[in-house]
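Below is one structure, written out as structure tokens; comments come after it.
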Amino acid sequence: MLIGEVARRCGVSARMLRHYESLGLVRPSGRTGSGYREYSGEDIRRIFHIESLRSLGLSLREIGRALDDPGFAPSALVGDLIRQTRERIAAETELLTRLCRIDAADPGGWEDVLQVVALLQALGSNSADTRQRAALSSGNEVPVPVEALVEAALSETEPNVAGALRWALARSGDDGGSALLAQGLGSPVAAVRERAVQALAELPGGEATGQLRDALTNSDAVVRGYAALALGTRGMADAVPTLIDMIVEGKNDTDAADALSVLASDTATADQIATRLVDRLAHDTTEAPARGRLTQSLAGIPGTTASRALVELSHDEDRAVALTATYLLQLRDGR
């Protein structure tokens, strides 16, 4: 078969076939009387093999080795190809992410593009100072896309930088930031979940509040605690059960008691909180240290329900509880 017919059947140009020949990949088995290349059936099969291997991303040199070396182990080469392909996909994905973030910043000109690129690079710097400066400067001229800020906030381990990133996120106006942070609450990494809820706690607006309410049912007690403290300062009574749990468990119990005090500014809520505290005090499984903390938390709860509870507790069998309740009643009487 002559070169033109081979090119048509194999889908390879005559020029590429000549290139293969120059590299020694495939040589026509014969020549016509006029000197034209003539390819046998075996030559054509080899050409198909070459094209099949090219489709896998092998270089022509690697293809020659694969076809001519009897001891060649394809598994090693396939493994290398898998690794190289994954690296290439990762690089392309990173580039696509960067381009999408630049597009989200809606740059007005090349100067804006370059500023966004510089900020994105700074957020990924190995220097904590550089990352912090980038976070604090975000939005001054060209806004940093919220996706980049969320990604940086969820991965940041340096406390000062993390605080700057949370500030930058709050300053961004919660343009989708709360939904992205909520995804971090489902991370298998506890530290990421904690960073996500901390950032949500500092975001303003109803969207963030809604995500914090959902976080009250999170399986991670740390997440529930941060969510409850944030909701307490926002006047959300949904947080009361979790705040009381924190007092019982002795985890951020002082902050939890302060949050209950904020919620107790409403009379009806104050009575509900006092009732819940008393119920936990009376629970058989509530141990002595927890009963002491629950009694102390009644100090910040106004109203007759809390006062009556303290009167009863002043006669409690637990001397520490009774003394605490007596002291708190004296403080109330002195007001």
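Order determines the names: the first chain of the structure tokens is A, the second B, and so forth; residues in each chain are numbered 1 upward, and ligands are numbered 1 upward as they are shown.
The shell of residues at most 12 Å from Leu331 (chain A), with only C-alpha atoms counted and near chain neighbours (fewer than 3 positions) removed, consists of A:Leu298, A:Ala299, A:Gly300, A:Pro302, A:Ser307, A:Leu310, A:Thr324, A:Ala325, A:Thr326, A:Tyr327, A:Leu328, A:Gly334, A:Arg335.
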Go ahead and dump the residues you just picked, N, CA and C atoms, as a PDB file, in the first residue's frame.
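The resulting part19.pdb:
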ATOM      1  N   LEU A 298     -27.178  31.743  87.183  1.00  0.00           N
ATOM      2  CA  LEU A 298     -28.436  32.418  87.520  1.00  0.00           C
ATOM      3  C   LEU A 298     -28.211  33.878  87.913  1.00  0.00           C
ATOM      4  N   ALA A 299     -26.951  34.221  88.213  1.00  0.00           N
ATOM      5  CA  ALA A 299     -26.656  35.602  88.629  1.00  0.00           C
ATOM      6  C   ALA A 299     -27.023  36.612  87.553  1.00  0.00           C
ATOM      7  N   GLY A 300     -26.872  36.219  86.298  1.00  0.00           N
ATOM      8  CA  GLY A 300     -27.141  37.174  85.224  1.00  0.00           C
ATOM      9  C   GLY A 300     -28.549  37.108  84.685  1.00  0.00           C
ATOM     10  N   PRO A 302     -32.345  37.996  85.252  1.00  0.00           N
ATOM     11  CA  PRO A 302     -33.282  38.770  86.081  1.00  0.00           C
ATOM     12  C   PRO A 302     -34.642  38.064  86.181  1.00  0.00           C
ATOM     13  N   SER A 307     -35.077  34.406  90.869  1.00  0.00           N
ATOM     14  CA  SER A 307     -34.985  34.736  92.303  1.00  0.00           C
ATOM     15  C   SER A 307     -35.529  33.602  93.155  1.00  0.00           C
ATOM     16  N   LEU A 310     -33.092  30.791  93.314  1.00  0.00           N
ATOM     17  CA  LEU A 310     -31.955  31.054  94.200  1.00  0.00           C
ATOM     18  C   LEU A 310     -32.346  30.883  95.671  1.00  0.00           C
ATOM     19  N   THR A 324     -23.315  29.758  97.300  1.00  0.00           N
ATOM     20  CA  THR A 324     -23.336  30.571  96.075  1.00  0.00           C
ATOM     21  C   THR A 324     -24.697  31.231  95.903  1.00  0.00           C
ATOM     22  N   ALA A 325     -25.758  30.466  96.103  1.00  0.00           N
ATOM     23  CA  ALA A 325     -27.108  31.017  95.951  1.00  0.00           C
ATOM     24  C   ALA A 325     -27.362  32.119  96.976  1.00  0.00           C
ATOM     25  N   THR A 326     -26.922  31.909  98.212  1.00  0.00           N
ATOM     26  CA  THR A 326     -27.100  32.924  99.264  1.00  0.00           C
ATOM     27  C   THR A 326     -26.383  34.213  98.893  1.00  0.00           C
ATOM     28  N   TYR A 327     -25.180  34.087  98.418  1.00  0.00           N
ATOM     29  CA  TYR A 327     -24.395  35.262  98.018  1.00  0.00           C
ATOM     30  C   TYR A 327     -25.083  36.003  96.873  1.00  0.00           C
ATOM     31  N   LEU A 328     -25.587  35.268  95.910  1.00  0.00           N
ATOM     32  CA  LEU A 328     -26.231  35.903  94.767  1.00  0.00           C
ATOM     33  C   LEU A 328     -27.529  36.608  95.200  1.00  0.00           C
ATOM     34  N   GLY A 334     -29.178  43.895  97.240  1.00  0.00           N
ATOM     35  CA  GLY A 334     -28.443  45.142  97.332  1.00  0.00           C
ATOM     36  C   GLY A 334     -28.621  46.055  96.145  1.00  0.00           C
ATOM     37  N   ARG A 335     -29.277  45.558  95.099  1.00  0.00           N
ATOM     38  CA  ARG A 335     -29.448  46.385  93.898  1.00  0.00           C
ATOM     39  C   ARG A 335     -30.551  47.410  94.083  1.00  0.00           C
TER      40      ARG A 335
END
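Distances from A:Ser52, A:Ser29, A:Thr286, A:Thr209 to Cys10 (chain A) were compared using only C-alpha atoms, and the smallest one belongs to A:Ser52.
Using only C-alpha atoms, the contacts of Gly173 (chain A) at a cut-off of 9 Å, with sequence neighbours closer than 6 positions omitted, comprise Leu203, Pro204 and Gly205 of chain A.
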Hey, can you spit out that residue selection with N, CA, C and O atoms as a JSON list (two decimals), in the first residue's frame?
[["chain", "number", "residue", "atom", "x", "y", "z"],
["A", 203, "LEU", "N", -19.52, 37.16, 60.69],
["A", 203, "LEU", "CA", -20.20, 37.70, 59.51],
["A", 203, "LEU", "C", -21.53, 38.33, 59.92],
["A", 203, "LEU", "O", -22.29, 37.72, 60.69],
["A", 204, "PRO", "N", -21.83, 39.50, 59.42],
["A", 204, "PRO", "CA", -23.13, 40.11, 59.73],
["A", 204, "PRO", "C", -24.22, 39.54, 58.83],
["A", 204, "PRO", "O", -23.95, 38.84, 57.87],
["A", 205, "GLY", "N", -25.45, 39.86, 59.14],
["A", 205, "GLY", "CA", -26.55, 39.56, 58.23],
["A", 205, "GLY", "C", -27.31, 38.29, 58.54],
["A", 205, "GLY", "O", -26.86, 37.41, 59.28]]
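Rounded to one decimal, CA of Asp245 (chain A) and CA of Arg224 (chain A) lie 10.1 Å from each other.
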(request) Excluding Asn126 (chain A) and any residue of its chain fewer than 4 positions from it, enumerate the residues within 12 Å of it, using only C-alpha atoms, and give them as a ChimeraX atom specification. (result) /A:121-122,130-132,156-158,161
If you keep C-alpha atoms, can you produce a file of those selected residues as a PDB file, in the first residue's frame?
ATOM      1  CA  GLN A 121      -0.416  35.469  45.378  1.00  0.00           C
ATOM      2  CA  ALA A 122       0.093  37.274  48.680  1.00  0.00           C
ATOM      3  CA  THR A 130       2.541  38.974  53.777  1.00  0.00           C
ATOM      4  CA  ARG A 131      -0.713  37.046  54.151  1.00  0.00           C
ATOM      5  CA  GLN A 132      -1.880  39.363  56.919  1.00  0.00           C
ATOM      6  CA  GLU A 156      -4.948  29.642  57.980  1.00  0.00           C
ATOM      7  CA  THR A 157      -3.186  28.412  61.119  1.00  0.00           C
ATOM      8  CA  GLU A 158      -1.590  31.686  62.262  1.00  0.00           C
ATOM      9  CA  VAL A 161      -3.624  36.214  60.051  1.00  0.00           C
TER      10      VAL A 161
END
(request) Write out as a PyMOL selection string which residues come within 12 Å of Arg65 (chain A) when counting only C-alpha atoms, dropping same-chain ones fewer than 2 positions away. (result) chain A and resi 23-25+50+53+58-63+67-74+77
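Using only C-alpha atoms, the smallest distance between any of A:Gln296, A:Arg133, A:Leu181, A:Ala164 and Ala208 (chain A) comes from A:Leu181.
CA of Ala259 (chain A) to CA of Ala191 (chain A) spans 23.8 Å [interatomic distance, one decimal].
Among the candidates A:Ile301, A:Val278, A:Ala104, A:Leu136, the one nearest to Asp258 (chain A) when counting only C-alpha atoms is A:Ile301.
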(message) Nearest residue to Val197 (chain A) out of A:Gly232, A:Ala227, A:Ala179, A:Thr254, using only C-alpha atoms?
(response) A:Ala227
Considering only C-alpha atoms, give me a table of residues in region 191-279 of chain A that are at most 12 Å from region 144-154 of chain A, with the closest atom pair and distance in Å for each, as CSV.
residue,atom,partner,partner_atom,distance
A:Ala191,CA,A:Leu154,CA,8.4
A:Val192,CA,A:Leu154,CA,5.5
A:Arg193,CA,A:Leu154,CA,8.0
A:Glu194,CA,A:Leu154,CA,8.7
A:Arg195,CA,A:Leu154,CA,5.6
A:Ala196,CA,A:Leu154,CA,6.1
A:Val197,CA,A:Leu154,CA,9.7
A:Gln198,CA,A:Ala153,CA,9.7
A:Ala199,CA,A:Ala153,CA,7.7
A:Leu200,CA,A:Val150,CA,10.2
A:Leu203,CA,A:Val150,CA,11.7
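In this structure, CA of Leu281 (chain A) sits 22.5 Å away from CA of Leu216 (chain A).
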(request) Tell me which of A:Thr285, A:Ser219, A:Thr305, A:Ser261 sits closest to Glu249 (chain A), counting only C-alpha atoms. (result) A:Thr285
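If you count only C-alpha atoms and ignore residues fewer than 2 places along the chain from region 79-93 of chain A, what sits within 8 Å of it is Leu56, Gly57, Leu58, Ser75, Ala76, Leu77, Leu95, Leu96 and Thr97 of chain A.
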Export of prior selection with all heavy atoms as a PDB file, in the first residue's frame:
ATOM      1  N   LEU A  56      -2.559   8.287  24.424  1.00  0.00           N
ATOM      2  CA  LEU A  56      -2.384   8.204  25.877  1.00  0.00           C
ATOM      3  C   LEU A  56      -1.458   9.282  26.409  1.00  0.00           C
ATOM      4  O   LEU A  56      -1.255   9.379  27.624  1.00  0.00           O
ATOM      5  CB  LEU A  56      -1.826   6.825  26.256  1.00  0.00           C
ATOM      6  CG  LEU A  56      -2.716   5.625  25.936  1.00  0.00           C
ATOM      7  CD1 LEU A  56      -2.008   4.331  26.327  1.00  0.00           C
ATOM      8  CD2 LEU A  56      -4.055   5.728  26.633  1.00  0.00           C
ATOM      9  N   GLY A  57      -0.886  10.063  25.511  1.00  0.00           N
ATOM     10  CA  GLY A  57      -0.004  11.134  25.941  1.00  0.00           C
ATOM     11  C   GLY A  57       1.463  10.782  25.921  1.00  0.00           C
ATOM     12  O   GLY A  57       2.287  11.548  26.413  1.00  0.00           O
ATOM     13  N   LEU A  58       1.841   9.629  25.356  1.00  0.00           N
ATOM     14  CA  LEU A  58       3.247   9.257  25.282  1.00  0.00           C
ATOM     15  C   LEU A  58       3.967  10.091  24.239  1.00  0.00           C
ATOM     16  O   LEU A  58       3.393  10.443  23.194  1.00  0.00           O
ATOM     17  CB  LEU A  58       3.406   7.776  24.932  1.00  0.00           C
ATOM     18  CG  LEU A  58       3.390   6.775  26.087  1.00  0.00           C
ATOM     19  CD1 LEU A  58       1.999   6.675  26.683  1.00  0.00           C
ATOM     20  CD2 LEU A  58       3.876   5.410  25.615  1.00  0.00           C
ATOM     21  N   SER A  75       3.387  -1.079  32.776  1.00  0.00           N
ATOM     22  CA  SER A  75       2.750  -0.612  34.017  1.00  0.00           C
ATOM     23  C   SER A  75       3.471   0.599  34.594  1.00  0.00           C
ATOM     24  O   SER A  75       2.835   1.531  35.108  1.00  0.00           O
ATOM     25  CB  SER A  75       2.724  -1.742  35.048  1.00  0.00           C
ATOM     26  OG  SER A  75       4.040  -2.189  35.331  1.00  0.00           O
ATOM     27  N   ALA A  76       4.813   0.593  34.522  1.00  0.00           N
ATOM     28  CA  ALA A  76       5.582   1.724  35.055  1.00  0.00           C
ATOM     29  C   ALA A  76       5.279   2.989  34.280  1.00  0.00           C
ATOM     30  O   ALA A  76       5.096   4.071  34.852  1.00  0.00           O
ATOM     31  CB  ALA A  76       7.067   1.414  35.007  1.00  0.00           C
ATOM     32  N   LEU A  77       5.212   2.864  32.954  1.00  0.00           N
ATOM     33  CA  LEU A  77       4.952   4.040  32.123  1.00  0.00           C
ATOM     34  C   LEU A  77       3.532   4.548  32.335  1.00  0.00           C
ATOM     35  O   LEU A  77       3.296   5.751  32.428  1.00  0.00           O
ATOM     36  CB  LEU A  77       5.172   3.690  30.650  1.00  0.00           C
ATOM     37  CG  LEU A  77       4.978   4.836  29.660  1.00  0.00           C
ATOM     38  CD1 LEU A  77       5.880   6.012  30.001  1.00  0.00           C
ATOM     39  CD2 LEU A  77       5.240   4.363  28.241  1.00  0.00           C
ATOM     40  N   LEU A  95      -5.230  27.112  37.768  1.00  0.00           N
ATOM     41  CA  LEU A  95      -5.270  28.258  36.851  1.00  0.00           C
ATOM     42  C   LEU A  95      -6.712  28.685  36.606  1.00  0.00           C
ATOM     43  O   LEU A  95      -7.029  29.883  36.610  1.00  0.00           O
ATOM     44  CB  LEU A  95      -4.592  27.882  35.532  1.00  0.00           C
ATOM     45  CG  LEU A  95      -4.665  28.938  34.420  1.00  0.00           C
ATOM     46  CD1 LEU A  95      -4.012  30.244  34.856  1.00  0.00           C
ATOM     47  CD2 LEU A  95      -4.019  28.407  33.148  1.00  0.00           C
ATOM     48  N   LEU A  96      -7.607  27.707  36.391  1.00  0.00           N
ATOM     49  CA  LEU A  96      -9.013  28.033  36.156  1.00  0.00           C
ATOM     50  C   LEU A  96      -9.614  28.752  37.359  1.00  0.00           C
ATOM     51  O   LEU A  96     -10.345  29.738  37.210  1.00  0.00           O
ATOM     52  CB  LEU A  96      -9.797  26.750  35.858  1.00  0.00           C
ATOM     53  CG  LEU A  96     -11.313  26.920  35.657  1.00  0.00           C
ATOM     54  CD1 LEU A  96     -11.596  27.831  34.470  1.00  0.00           C
ATOM     55  CD2 LEU A  96     -11.972  25.559  35.462  1.00  0.00           C
ATOM     56  N   THR A  97      -9.291  28.265  38.563  1.00  0.00           N
ATOM     57  CA  THR A  97      -9.792  28.907  39.780  1.00  0.00           C
ATOM     58  C   THR A  97      -9.313  30.346  39.871  1.00  0.00           C
ATOM     59  O   THR A  97     -10.085  31.262  40.192  1.00  0.00           O
ATOM     60  CB  THR A  97      -9.326  28.116  41.023  1.00  0.00           C
ATOM     61  OG1 THR A  97      -9.849  26.791  40.956  1.00  0.00           O
ATOM     62  CG2 THR A  97      -9.801  28.792  42.303  1.00  0.00           C
TER      63      THR A  97
END
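The smallest atom-to-atom distance between Ala168 (chain A) and any of A:Gly124, A:Gly210, A:Pro143, A:Gly292, using only C-alpha atoms, is found for A:Pro143.
All residues in region 15-252 of chain A with a DSSP state of strand (DSSP E or B), computed from the backbone, read Gly30, Arg31, Arg37 and Glu38 of chain A.
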Just write the chosen residues, N, CA and C atoms, as a compact mmCIF listing (two decimals), in the first residue's frame.
# COMPACT_ATOMS: atom_id res chain seq x y z
N GLY A 30 8.84 -2.08 1.91
CA GLY A 30 9.39 -2.21 0.56
C GLY A 30 9.26 -0.94 -0.24
N ARG A 31 9.70 -1.02 -1.46
CA ARG A 31 9.61 0.08 -2.41
C ARG A 31 9.06 -0.45 -3.73
N ARG A 37 7.40 4.47 -1.49
CA ARG A 37 7.28 3.67 -0.28
C ARG A 37 6.06 2.76 -0.39
N GLU A 38 6.26 1.53 0.08
CA GLU A 38 5.17 0.57 0.05
C GLU A 38 5.06 -0.08 1.44
